[in-house]
Structures are given as structure tokens and as C-alpha cells.
file run.txt (compact mmCIF, C-alpha atoms)
# COMPACT_ATOMS: atom_id res chain seq x y z
CA ALA O 76 28.28 -7.80 14.87
CA ALA O 77 26.24 -4.61 15.21
CA PRO O 78 22.50 -3.86 15.34
CA ARG O 79 20.90 -2.40 12.20
CA LEU O 80 17.92 -0.25 13.13
CA ALA O 81 15.37 1.47 10.88
CA HIS O 82 11.80 2.76 10.79
CA TYR O 83 9.53 -0.23 10.19
CA TRP O 84 5.88 0.81 10.49
CA HIS O 85 3.50 3.47 11.83
CA GLN O 86 -0.18 4.32 11.81
CA VAL O 87 -1.64 7.67 12.86
CA ASN O 88 -3.47 7.89 16.20
CA ASP O 89 -5.61 11.01 16.70
CA LEU O 90 -8.16 9.63 19.18
CA VAL O 91 -6.68 11.50 22.16
CA THR O 92 -4.75 14.44 20.74
CA GLY O 93 -6.72 15.11 17.55
CA ASN O 94 -10.29 15.04 16.24
CA GLY O 95 -10.52 11.24 16.28
CA ASN O 96 -11.32 10.60 12.62
CA GLY O 97 -8.20 8.47 12.16
CA VAL O 98 -6.51 10.52 9.43
CA ILE O 99 -4.11 13.46 9.35
CA ASP O 100 -6.00 16.74 9.07
CA PRO O 101 -4.79 20.35 8.66
CA GLY O 102 -4.57 22.09 12.04
CA GLU O 103 -4.54 18.81 14.00
CA VAL O 104 -2.21 17.46 16.68
CA ILE O 105 -1.53 13.76 16.13
CA LEU O 106 0.25 10.97 17.97
CA VAL O 107 2.37 8.69 15.79
CA PRO O 108 3.50 5.42 17.39
CA VAL O 109 6.53 4.14 15.44
CA THR O 110 7.86 0.59 15.25
CA VAL O 111 11.61 0.14 14.67
CA SER O 112 13.18 -3.05 13.27
CA ASN O 113 16.59 -4.57 13.98
CA ARG O 114 18.08 -6.45 11.03
CA GLY O 115 21.60 -6.61 12.47
CA SER O 116 23.23 -9.64 14.07
CA GLN O 117 23.16 -8.23 17.60
CA GLY O 118 20.33 -7.13 19.90
CA ALA O 119 19.89 -3.40 20.58
CA GLN O 120 19.50 -2.23 24.19
CA THR O 121 18.14 1.12 25.41
CA VAL O 122 16.95 2.33 22.01
CA THR O 123 16.10 6.02 21.79
CA ALA O 124 14.75 7.90 18.77
CA SER O 125 14.52 11.67 18.38
CA ALA O 126 12.18 13.05 15.72
CA THR O 127 12.72 16.17 13.62
CA SER O 128 10.49 17.62 10.93
CA GLY O 129 11.58 17.97 7.33
CA SER O 130 8.46 19.91 6.29
CA ALA O 131 7.36 23.51 6.85
CA HIS O 132 3.80 22.40 7.70
CA LEU O 133 4.79 19.92 10.42
CA THR O 134 6.05 20.76 13.93
CA VAL O 135 7.43 18.24 16.42
CA LEU O 136 5.91 18.84 19.89
CA ASP O 137 7.15 15.72 21.71
CA GLY O 138 10.04 14.25 19.76
CA SER O 139 11.57 11.53 21.93
CA ALA O 140 10.52 7.89 22.31
CA THR O 141 12.27 4.77 23.58
CA THR O 142 12.16 1.00 23.97
CA ALA O 143 14.27 -1.15 26.30
CA TYR O 144 15.40 -3.84 23.84
CA ILE O 145 14.99 -4.95 20.21
CA PRO O 146 16.30 -8.49 19.57
CA SER O 147 18.15 -9.31 16.37
CA GLY O 148 15.67 -10.05 13.59
CA SER O 149 12.76 -8.50 15.49
CA SER O 150 10.99 -5.16 15.95
CA SER O 151 9.51 -3.09 18.76
CA GLU O 152 7.23 -0.06 19.13
CA LEU O 153 8.77 3.05 20.66
CA ALA O 154 6.92 4.59 23.60
CA PRO O 155 5.11 6.89 23.98
CA GLY O 156 5.16 7.80 20.28
CA PHE O 157 5.75 11.20 18.71
CA ARG O 158 3.34 14.11 19.14
CA LEU O 159 3.22 16.23 15.98
CA ALA O 160 1.32 19.38 14.99
CA VAL O 161 0.05 19.75 11.42
CA SER O 162 -0.25 23.31 10.15
CA PRO O 163 -3.71 24.62 9.19
CA ASP O 164 -2.06 25.58 5.89
CA ALA O 165 -1.22 21.97 5.03
CA ALA O 166 -3.00 20.82 1.86
CA PRO O 167 -4.82 17.50 1.33
CA GLY O 168 -2.38 15.03 -0.19
CA GLU O 169 0.70 16.95 1.01
CA LEU O 170 3.64 14.77 2.12
CA LEU O 171 5.20 15.56 5.50
CA VAL O 172 8.68 14.15 6.21
CA VAL O 173 9.79 12.97 9.65
CA THR O 174 13.43 12.01 10.33
CA LEU O 175 14.37 9.80 13.26
CA ALA O 176 17.81 9.94 14.85
CA ILE O 177 18.03 6.45 16.38
CA SER O 178 20.69 5.59 18.96
CA ILE O 179 21.49 2.93 21.54
CA GLY O 180 23.54 2.89 24.73
CA CYS O 181 26.78 1.61 23.16
CA GLY O 182 27.10 4.62 20.85
CA TYR O 183 25.43 3.28 17.68
CA GLN O 184 23.54 6.00 15.75
CA ILE O 185 21.64 6.09 12.47
CA ASP O 186 19.03 8.26 10.75
CA SER O 187 15.85 6.80 9.30
CA SER O 188 12.96 8.77 7.78
CA PHE O 189 9.33 8.20 6.88
CA LYS O 190 6.50 10.20 5.32
CA LEU O 191 3.04 11.19 6.50
CA LYS O 192 0.35 12.20 4.02
CA VAL O 193 -2.37 14.70 4.84
CA GLY O 194 -5.77 13.01 4.60
CA THR O 195 -4.47 9.48 5.26
CA ALA O 196 -4.05 7.08 8.16
CA VAL O 197 -1.52 4.81 6.42
CA TYR O 198 0.85 5.80 3.64
CA ASP O 199 3.56 3.41 2.43
CA GLU O 200 5.70 4.17 -0.62
CA CYS O 201 7.17 0.63 -0.27
CA GLU O 202 10.67 2.11 -0.24
CA SER O 203 11.82 0.39 2.95
CA GLU O 204 11.23 -2.83 4.82
CA ALA O 205 7.82 -3.04 6.51
CA PRO O 206 5.75 -5.85 8.09
CA TRP O 207 4.23 -7.00 4.80
CA SER O 208 4.07 -10.77 4.31
CA LEU O 209 5.60 -12.08 1.07
CA ALA O 210 3.98 -15.54 1.26
CA THR O 211 0.99 -17.31 2.78
CA PRO O 212 0.02 -20.96 3.39
CA GLY O 213 -1.25 -22.43 0.13
CA ASP O 214 1.21 -20.56 -2.09
CA ASN O 215 2.75 -22.98 -4.59
CA ALA O 216 4.43 -20.89 -7.28
CA THR O 217 7.89 -22.18 -8.16
CA SER O 218 9.24 -18.85 -9.42
CA GLY O 219 8.26 -15.19 -9.56
CA LEU O 220 7.64 -14.99 -5.80
CA TRP O 221 6.94 -11.58 -4.28
CA VAL O 222 9.99 -9.51 -3.34
CA ARG O 223 10.58 -5.84 -2.56
CA GLY O 224 13.17 -3.94 -4.58
CA ASP O 225 14.00 -1.92 -7.67
CA PRO O 226 12.21 -3.83 -10.46
CA VAL O 227 14.25 -5.29 -13.32
CA GLY O 228 12.24 -4.47 -16.43
CA THR O 229 11.51 -7.11 -19.06
CA THR O 230 9.89 -7.00 -22.50
CA SER O 231 8.20 -9.55 -24.76
CA ASN O 232 7.70 -8.82 -28.46
CA SER O 233 8.72 -5.19 -27.76
CA GLN O 234 5.99 -4.82 -25.11
CA GLN O 235 6.71 -4.09 -21.46
CA CYS O 236 6.11 -7.13 -19.27
CA GLN O 237 7.67 -6.31 -15.90
CA PRO O 238 8.09 -2.59 -15.12
CA GLU O 239 11.55 -1.06 -15.19
CA ASP O 240 10.61 1.60 -12.61
CA ASP O 241 8.40 1.73 -9.55
CA HIS O 242 5.44 4.11 -9.48
CA THR O 243 6.68 6.58 -6.86
CA ALA O 244 8.40 9.68 -8.22
CA ALA O 245 12.22 9.75 -8.18
CA PRO O 246 14.41 9.46 -6.19
CA ALA O 247 12.22 6.56 -4.99
CA THR O 248 13.06 3.25 -6.67
CA ASP O 249 11.40 0.30 -4.90
CA CYS O 250 8.07 -1.52 -4.97
CA TYR O 251 6.74 -5.02 -4.37
CA VAL O 252 7.19 -7.11 -7.51
CA THR O 253 6.83 -10.74 -8.56
CA GLY O 254 10.35 -12.06 -9.00
CA GLN O 255 13.57 -10.45 -10.15
CA GLY O 256 15.54 -11.83 -13.10
CA ALA O 257 18.99 -10.77 -14.28
CA VAL O 258 19.36 -7.42 -16.03
CA GLY O 259 18.82 -8.04 -19.74
CA GLY O 260 17.37 -11.50 -19.08
CA ALA O 261 14.44 -13.13 -20.83
CA ALA O 262 10.91 -12.11 -19.84
CA ASP O 263 10.07 -15.65 -18.72
CA ALA O 264 13.20 -16.11 -16.60
CA ALA O 265 11.58 -14.99 -13.31
CA ASP O 266 7.86 -14.57 -14.03
CA VAL O 267 5.24 -16.34 -11.90
CA ASP O 268 5.24 -20.07 -12.65
CA GLY O 269 3.60 -23.17 -11.20
CA GLY O 270 0.85 -21.64 -9.09
CA ARG O 271 0.14 -18.63 -6.90
CA THR O 272 2.18 -16.16 -4.86
CA THR O 273 0.63 -13.83 -2.24
CA LEU O 274 1.56 -10.42 -0.82
CA THR O 275 -0.28 -9.31 2.36
CA THR O 276 -0.35 -5.99 4.19
CA PRO O 277 0.20 -5.59 7.93
CA LEU O 278 -2.84 -5.32 10.19
CA LEU O 279 -4.73 -2.08 9.55
CA ASP O 280 -6.95 -0.41 12.16
CA LEU O 281 -9.80 1.19 10.20
CA SER O 282 -12.41 0.96 12.94
CA HIS O 283 -12.68 4.71 13.61
CA ILE O 284 -12.02 6.09 10.09
CA PRO O 285 -15.15 7.52 8.43
CA ASP O 286 -15.38 6.47 4.78
CA ALA O 287 -12.15 4.46 4.99
CA ARG O 288 -10.72 3.94 1.50
CA VAL O 289 -7.92 1.63 0.36
CA THR O 290 -5.91 2.91 -2.61
CA TYR O 291 -2.88 1.43 -4.35
CA TRP O 292 -1.05 1.39 -7.67
CA ARG O 293 -0.63 -1.97 -9.37
CA TRP O 294 0.95 -3.46 -12.47
CA TYR O 295 -0.47 -6.68 -13.88
CA THR O 296 0.20 -8.38 -17.20
CA ASN O 297 -0.66 -11.87 -18.47
CA ASN O 298 -1.34 -11.25 -22.18
CA LEU O 299 2.16 -11.58 -23.66
CA GLY O 300 2.90 -15.32 -23.36
CA ASN O 301 1.76 -18.37 -25.31
CA SER O 302 -1.42 -18.70 -23.22
CA PRO O 303 -2.65 -15.10 -22.96
CA ASP O 304 -5.41 -13.81 -20.68
CA LEU O 305 -5.81 -17.04 -18.68
CA ASP O 306 -3.88 -16.22 -15.48
CA SER O 307 -5.63 -14.40 -12.66
CA TRP O 308 -4.98 -11.30 -10.57
CA ARG O 309 -6.90 -11.22 -7.31
CA VAL O 310 -7.03 -8.64 -4.53
CA GLN O 311 -8.91 -9.48 -1.34
CA ILE O 312 -9.71 -7.74 1.94
CA SER O 313 -10.30 -9.25 5.37
CA GLY O 314 -11.93 -7.76 8.47
CA ASN O 315 -10.82 -10.50 10.89
CA GLY O 316 -7.05 -10.53 10.41
CA GLY O 317 -7.08 -12.98 7.52
CA THR O 318 -9.51 -15.69 8.64
CA SER O 319 -11.91 -14.93 5.78
CA TRP O 320 -11.66 -12.78 2.68
CA VAL O 321 -13.82 -10.96 0.10
CA PHE O 322 -12.74 -9.79 -3.36
CA LEU O 323 -11.77 -6.25 -4.31
CA GLU O 324 -10.44 -7.42 -7.68
CA ASN O 325 -10.74 -10.72 -9.55
CA THR O 326 -9.63 -10.37 -13.16
CA THR O 327 -7.63 -11.84 -16.02
CA VAL O 328 -7.50 -8.54 -17.93
CA SER O 329 -3.97 -7.12 -18.24
CA ALA O 330 -2.87 -3.54 -17.65
CA ASN O 331 0.72 -3.26 -18.86
CA SER O 332 1.18 0.00 -16.99
CA TRP O 333 0.90 1.38 -13.48
CA THR O 334 -2.82 1.61 -12.69
CA GLN O 335 -4.41 3.20 -9.62
CA MET O 336 -7.13 1.21 -7.85
CA SER O 337 -9.30 2.65 -5.06
CA PHE O 338 -12.06 1.02 -3.01
CA LEU O 339 -14.43 2.26 -0.32
CA VAL O 340 -14.05 -0.39 2.39
CA SER O 341 -17.68 -0.23 3.55
CA ASP O 342 -18.80 -1.36 0.07
CA PHE O 343 -17.29 -4.74 0.93
CA LEU O 344 -16.94 -5.07 4.72
CA THR O 345 -17.61 -3.20 7.94
CA PRO O 346 -14.27 -1.55 8.82
CA THR O 347 -12.59 -3.12 11.88
CA SER O 348 -9.31 -2.90 13.78
CA GLN O 349 -8.15 -6.18 12.17
CA MET O 350 -8.14 -5.38 8.45
CA ARG O 351 -5.69 -6.81 5.93
CA VAL O 352 -5.41 -6.61 2.14
CA ARG O 353 -3.70 -9.27 0.05
CA PHE O 354 -2.56 -9.41 -3.60
CA ILE O 355 -2.45 -12.76 -5.43
CA ALA O 356 -0.80 -13.43 -8.81
CA HIS O 357 -1.78 -16.92 -10.00
CA ASP O 358 -0.18 -18.80 -12.90
CA MET O 359 -2.96 -21.05 -14.19
CA ALA O 360 -2.01 -21.81 -17.81
CA PRO O 361 1.03 -23.55 -19.38
CA ASN O 362 3.69 -21.43 -21.10
CA SER O 363 2.03 -18.20 -19.94
CA LEU O 364 3.81 -15.02 -18.92
CA ILE O 365 2.55 -13.27 -15.78
CA GLU O 366 4.09 -10.36 -13.85
CA ALA O 367 2.66 -8.11 -11.13
CA ALA O 368 3.76 -5.24 -8.89
CA VAL O 369 2.26 -3.10 -6.09
CA ASP O 370 3.35 0.37 -4.96
CA ASP O 371 2.17 3.45 -3.02
CA PHE O 372 -0.36 1.80 -0.74
CA GLU O 373 -2.51 4.07 1.42
CA VAL O 374 -5.61 4.21 3.59
CA SER O 375 -7.51 7.51 3.55
CA GLY O 376 -10.75 8.78 5.05
CA THR O 377 -13.05 11.77 5.31
CA SER O 378 -10.97 14.83 6.19
CA ALA O 379 -12.11 17.27 8.88
CA PRO O 380 -9.72 20.26 8.97
CA VAL O 381 -9.30 21.67 12.47
CA GLY O 382 -9.55 25.38 13.15
CA ILE O 383 -10.48 26.37 9.60
CA GLU O 384 -13.69 26.35 7.60
CA GLU O 385 -14.65 22.92 6.33
CA GLN O 386 -13.99 22.39 2.65
CA PRO O 387 -14.38 19.35 0.41
CA THR O 388 -11.37 17.06 0.08
CA ALA O 389 -9.96 16.77 -3.43
CA VAL O 390 -11.28 13.68 -5.23
CA ILE O 391 -9.23 11.60 -7.63
CA LEU O 392 -10.50 10.29 -10.96
CA ARG O 393 -11.74 6.88 -9.83
CA LEU O 394 -13.61 3.91 -11.30
CA ASP O 395 -14.65 1.25 -8.79
CA ALA O 396 -15.13 -2.43 -9.56
CA PRO O 397 -18.72 -3.46 -10.37
CA ARG O 398 -20.74 -4.63 -7.38
CA PRO O 399 -21.96 -7.38 -7.34
CA ASN O 400 -19.72 -9.30 -9.72
CA PRO O 401 -20.60 -11.77 -11.15
CA PHE O 402 -24.28 -10.80 -11.32
CA PRO O 403 -27.48 -12.43 -12.59
CA ALA O 404 -29.49 -9.39 -13.70
CA GLY O 405 -27.76 -6.10 -12.87
CA THR O 406 -24.78 -4.48 -11.18
CA HIS O 407 -23.63 -1.03 -10.00
CA VAL O 408 -20.56 0.80 -11.35
CA ARG O 409 -19.42 3.67 -9.10
CA PHE O 410 -17.07 6.40 -10.24
CA ALA O 411 -15.82 9.80 -9.04
CA LEU O 412 -14.50 12.87 -10.84
CA PRO O 413 -12.09 15.60 -9.69
CA GLU O 414 -14.77 18.13 -10.68
CA ALA O 415 -18.23 18.18 -12.22
CA GLY O 416 -18.43 17.65 -15.98
CA PRO O 417 -19.84 15.54 -18.80
CA VAL O 418 -19.08 11.82 -18.61
CA SER O 419 -18.95 9.04 -21.19
CA LEU O 420 -18.82 5.55 -19.66
CA GLN O 421 -18.36 2.64 -22.09
CA ILE O 422 -18.40 -1.04 -21.13
CA PHE O 423 -16.65 -3.67 -23.24
CA GLY O 424 -16.76 -7.46 -23.12
CA ILE O 425 -13.43 -9.27 -22.81
CA ASP O 426 -13.79 -10.11 -26.53
CA GLY O 427 -13.75 -6.38 -27.33
CA ARG O 428 -17.47 -5.87 -28.02
CA LEU O 429 -18.90 -2.52 -26.84
call {"tool": "encode", "arguments": {"input": "run.txt", "output": "C-alpha cells"}}
result
Amino acid sequence: AAPRLAHYWHQVNDLVTGNGNGVIDPGEVILVPVTVSNRGSQGAQTVTASATSGSAHLTVLDGSATTAYIPSGSSSELAPGFRLAVSPDAAPGELLVVTLAISIGCGYQIDSSFKLKVGTAVYDECESEAPWSLATPGDNATSGLWVRGDPVGTTSNSQQCQPEDDHTAAPATDCYVTGQGAVGGAADAADVDGGRTTLTTPLLDLSHIPDARVTYWRWYTNNLGNSPDLDSWRVQISGNGGTSWVFLENTTVSANSWTQMSFLVSDFLTPTSQMRVRFIAHDMAPNSLIEAAVDDFEVSGTSAPVGIEEQPTAVILRLDAPRPNPFPAGTHVRFALPEAGPVSLQIFGIDGRL
């Protein structure tokens, strides 16, 4: 009969206190509004959260925020948010830990933590509940629906079908995954069957982030069943909250391993304050075997360190999807390297021809 409170969602706001580029930069002061959820069976009144830093390169300047009431099964944003100072010595990609001591008037207390990442606006390791949607109108899969948890690995003909581990380094364990069968169960016991299942991010405000980039790790396999390479994996992005969508990925090619995907938003849409990304696993062939997973979702942008000389942000090894695709006469394939060097880029048809 008690509330059950936890960190639910946050996105960095540096329009007033920082340099306004929407991402966490070294030397910057940021405001972090935090939403807290209540999954207990009783409403929570007079909720107060106190923030402390778990990282040497992060200092809490204003560490108290409140909300009057969070109903059971709902969530609420704490006001006025937490004002945090990032050290000029913080490195791009560094993780900064914030711990919240959450309490209510009746004496209930609990700790809940989250991570910020230097160079990003949104960083979600998918380790705790967040306002992702696990279904959408039009979904018709009868099994293998999206869930969040520690994946139960499966194999088919000695090949990994569903991952046994999430992508995030230990001690992290959870990700979004299509279905969960019993430990030691058959690979087809909880795979996607009968249609499509859709996972959708919360609303993302990318309107003031220069060079906004969406990056995630995904697992997708459909080549191990009796009808291989016929089921589809689709990733779409919307700039109007989900009214219309354009493709980031649209493929039937499996990757039976965790694979990083990264897309410059402006290549597809003008960034807005109403962005969403959705992931669709679609069973389209009889007796097929399809599994998918998503982990470590983030939105990054152009970094502008404050109070130190500007320096280029580290670049990951990245290969973007061809644009346009399909194409009548020609297409562009963009890629990036961590440092300059010789490159060999080979393109294969789905039948294996170079």
C-alpha cells in the first residue's frame, strides 16, 4: 500500500544556464528537469528529491526539487530541476552519475540514480523504466512483443538468435527486446510471430541542437528459421510527434550481434521539439525466426566546450544508410572515421555479389 518512486526521464536544458546548444559540454552549467514515476499502489504527496553527484567532474549547485503529488501509476516533473556544473576537465563521452534521494511527507525514502553523458542531450542505457511505448495502433504480432528486461538468450543450429546479454557494460543487464521465453527454451518459443511489434521513444526536443544525431545499438536476426531473410526490420523518425514518419532503416539483412547505428537527423528531417524514433520488427513469412533488441539510445550534437579552447569532438567509426534508398540512378553513402587514414569500402548485393 505504499508509493514506489523512481527516476523516469530527463533531458538536458542549457538554454538559460549554459551555452544553448542543447548538449552537455565541459565547463558548462546545465539545468536538468527530472520526471519521477510512481509505480506503487498509493499516491505520493509532497515529493522532494535531493541530488548528489557521483562523479568528480560534476558538481551540484542547486540540488533540491519538488512536486506536490504523483498519483499511483503516473509521473510528474520535479520543479525547478537540478542545476549542475560540469568540469572543464570532463571528456567527451564521459558518464556523470547523479543520485536522487527521493522522499515524501509520510516518511517514505528511496534512492534512484541516472547518468548524464558529456556531448549528449539524451542518454538512456534502458536499465530502468522510462516513457517508451511498447506498442502502437496497427501492431498485430501474436508473440515476441517488445518488453524491457534482461534478455533470455536463444540459439538455433548453434547460432545466437536472441542475445543473452544487453549491450551496456556490466553491471548493467537490461535492454528492450522482442519477447522473453523460458530459460533453456526453444528459439521459436517467444520470437516475433503473426505480424509487427513496435517500440517508440518518448518525445525528443532536438530543435536547438546543432547537428543533432541519433545513435543506438540494435540486434536483429531473421536468417535462422525456415524462411530466412524475408522478415523486415524498420526504424523510422518523426518530426511531428508521430503523425508521419520517414525511414532511418528498412532492411531484411540480419546482424546476429550488437550493432551500432548512427544517423544525422537533418539528413532526413528538420529537427523539431516533437521528434520520436520507433523500431519495428515485422514477421512476414511463415515458420520464420525473428528477434530484435535495442539498447544504449542517445541523442548527441556539436560540442562547444566552455572556458577552454575549442577542440574537435571524438568521432566514432560510422557508416550511414544510403540516401536515397531505393534509388533509380545513384545514391550517397556517408561514413566517418575516428582519425584520418586509408579506407576500403566494398558494397555487396544481398546475394553476396561484390
call {"tool": "residues_around", "arguments": {"input": "run.txt", "residues": "Asp225 of chain O", "least_positions_apart": "4", "cutoff": "9 Å", "atoms": "all atoms listed in the file", "output": "list in words"}}
result
Glu239, Asp240, Asp241, Thr248, Asp249, Cys250, Tyr251, Val252 and Gln255 of chain O
call {"tool": "closest_residue", "arguments": {"input": "run.txt", "among": "O:Ala265, O:Val408, O:Ala287, O:Cys201", "to": "Asp371 of chain O", "atoms": "only C-alpha atoms"}}
result
O:Cys201
call {"tool": "residues_around", "arguments": {"input": "run.txt", "residues": "Pro346 of chain O", "least_positions_apart": "6", "cutoff": "10 Å", "atoms": "all atoms listed in the file", "output": "PyMOL selection string"}}
result
chain O and resi 279-288+313-315+339-340
call {"tool": "closest_residue", "arguments": {"input": "run.txt", "among": "O:Leu364, O:Met359, O:Ser337, O:Thr110", "to": "Ala262 of chain O", "atoms": "all atoms listed in the file"}}
result
O:Leu364
call {"tool": "closest_residue", "arguments": {"input": "run.txt", "among": "O:Ser231, O:Ser419, O:Gln117, O:Thr195", "to": "Val289 of chain O", "atoms": "all atoms listed in the file"}}
result
O:Thr195
call {"tool": "closest_residue", "arguments": {"input": "run.txt", "among": "O:Ser151, O:Thr290, O:Ser208, O:Ser128", "to": "Asp370 of chain O", "atoms": "only C-alpha atoms"}}
result
O:Thr290
call {"tool": "closest_residue", "arguments": {"input": "run.txt", "among": "O:Leu191, O:Ala368, O:Leu274, O:Ala379", "to": "Trp292 of chain O", "atoms": "all atoms listed in the file"}}
result
O:Ala368
call {"tool": "residues_around", "arguments": {"input": "run.txt", "residues": "segment 301-312 of chain O", "least_positions_apart": "4", "cutoff": "6 Å", "atoms": "all atoms listed in the file", "output": "mmCIF file with C-alpha atoms, in the frame of the given file"}}
result
data_model
loop_
_atom_site.group_PDB
_atom_site.id
_atom_site.type_symbol
_atom_site.label_atom_id
_atom_site.label_comp_id
_atom_site.auth_asym_id
_atom_site.auth_seq_id
_atom_site.Cartn_x
_atom_site.Cartn_y
_atom_site.Cartn_z
ATOM 1 C CA ASN O 297 -0.660 -11.870 -18.470
ATOM 2 C CA TRP O 320 -11.660 -12.780 2.680
ATOM 3 C CA VAL O 321 -13.820 -10.960 0.100
ATOM 4 C CA PHE O 322 -12.740 -9.790 -3.360
ATOM 5 C CA LEU O 323 -11.770 -6.250 -4.310
ATOM 6 C CA GLU O 324 -10.440 -7.420 -7.680
ATOM 7 C CA ASN O 325 -10.740 -10.720 -9.550
ATOM 8 C CA THR O 326 -9.630 -10.370 -13.160
ATOM 9 C CA THR O 327 -7.630 -11.840 -16.020
ATOM 10 C CA ARG O 351 -5.690 -6.810 5.930
ATOM 11 C CA VAL O 352 -5.410 -6.610 2.140
ATOM 12 C CA ARG O 353 -3.700 -9.270 0.050
ATOM 13 C CA PHE O 354 -2.560 -9.410 -3.600
ATOM 14 C CA ILE O 355 -2.450 -12.760 -5.430
ATOM 15 C CA ALA O 356 -0.800 -13.430 -8.810
ATOM 16 C CA HIS O 357 -1.780 -16.920 -10.000
ATOM 17 C CA ASP O 358 -0.180 -18.800 -12.900
ATOM 18 C CA MET O 359 -2.960 -21.050 -14.190
ATOM 19 C CA ASN O 362 3.690 -21.430 -21.100
ATOM 20 C CA SER O 363 2.030 -18.200 -19.940
#
call {"tool": "closest_residue", "arguments": {"input": "run.txt", "among": "O:Gln86, O:Thr406, O:Ser319, O:Ser125", "to": "Val98 of chain O", "atoms": "all atoms listed in the file"}}
result
O:Gln86
call {"tool": "residues_around", "arguments": {"input": "run.txt", "residues": "Tyr144 of chain O", "least_positions_apart": "4", "cutoff": "10 Å", "atoms": "all atoms listed in the file", "output": "CSV table (one decimal) with C-alpha atoms, in the frame of the given file"}}
result
chain,number,residue,atom,x,y,z
O,113,ASN,CA,16.6,-4.6,14.0
O,118,GLY,CA,20.3,-7.1,19.9
O,119,ALA,CA,19.9,-3.4,20.6
O,120,GLN,CA,19.5,-2.2,24.2
O,121,THR,CA,18.1,1.1,25.4
O,122,VAL,CA,17.0,2.3,22.0
O,149,SER,CA,12.8,-8.5,15.5
O,150,SER,CA,11.0,-5.2,16.0
O,151,SER,CA,9.5,-3.1,18.8
O,179,ILE,CA,21.5,2.9,21.5
call {"tool": "atom_distance", "arguments": {"input": "run.txt", "atom1": "atom CA of Ser375 of chain O", "atom2": "atom CA of Pro155 of chain O"}}
result
24.0 Å
call {"tool": "residues_near_point", "arguments": {"input": "run.txt", "point": "(22.4, 2.5, 11.7)", "cutoff": "7 Å", "atoms": "all atoms listed in the file", "output": "PyMOL selection string"}}
result
chain O and resi 79-80+183-186
call {"tool": "atom_distance", "arguments": {"input": "run.txt", "atom1": "atom CA of Glu169 of chain O", "atom2": "atom CA of Trp84 of chain O"}}
result
19.4 Å
call {"tool": "atom_distance", "arguments": {"input": "run.txt", "atom1": "atom CA of Ser218 of chain O", "atom2": "atom CA of Gln234 of chain O"}}
result
21.3 Å
call {"tool": "residues_around", "arguments": {"input": "run.txt", "residues": "Ala124 of chain O", "least_positions_apart": "3", "cutoff": "12 Å", "atoms": "all atoms listed in the file", "output": "JSON, numbers by chain"}}
result
{"O": [80, 81, 82, 108, 109, 110, 111, 121, 127, 137, 138, 139, 140, 141, 142, 143, 152, 153, 154, 155, 156, 157, 173, 174, 175, 176, 177, 178, 179, 180, 183, 184, 185, 186, 187, 188]}
call {"tool": "residues_near_point", "arguments": {"input": "run.txt", "point": "(3.1, 4.3, 0.8)", "cutoff": "9 Å", "atoms": "all atoms listed in the file", "output": "ChimeraX atom specification"}}
result
/O:190-192,197-202,243,291,370-373
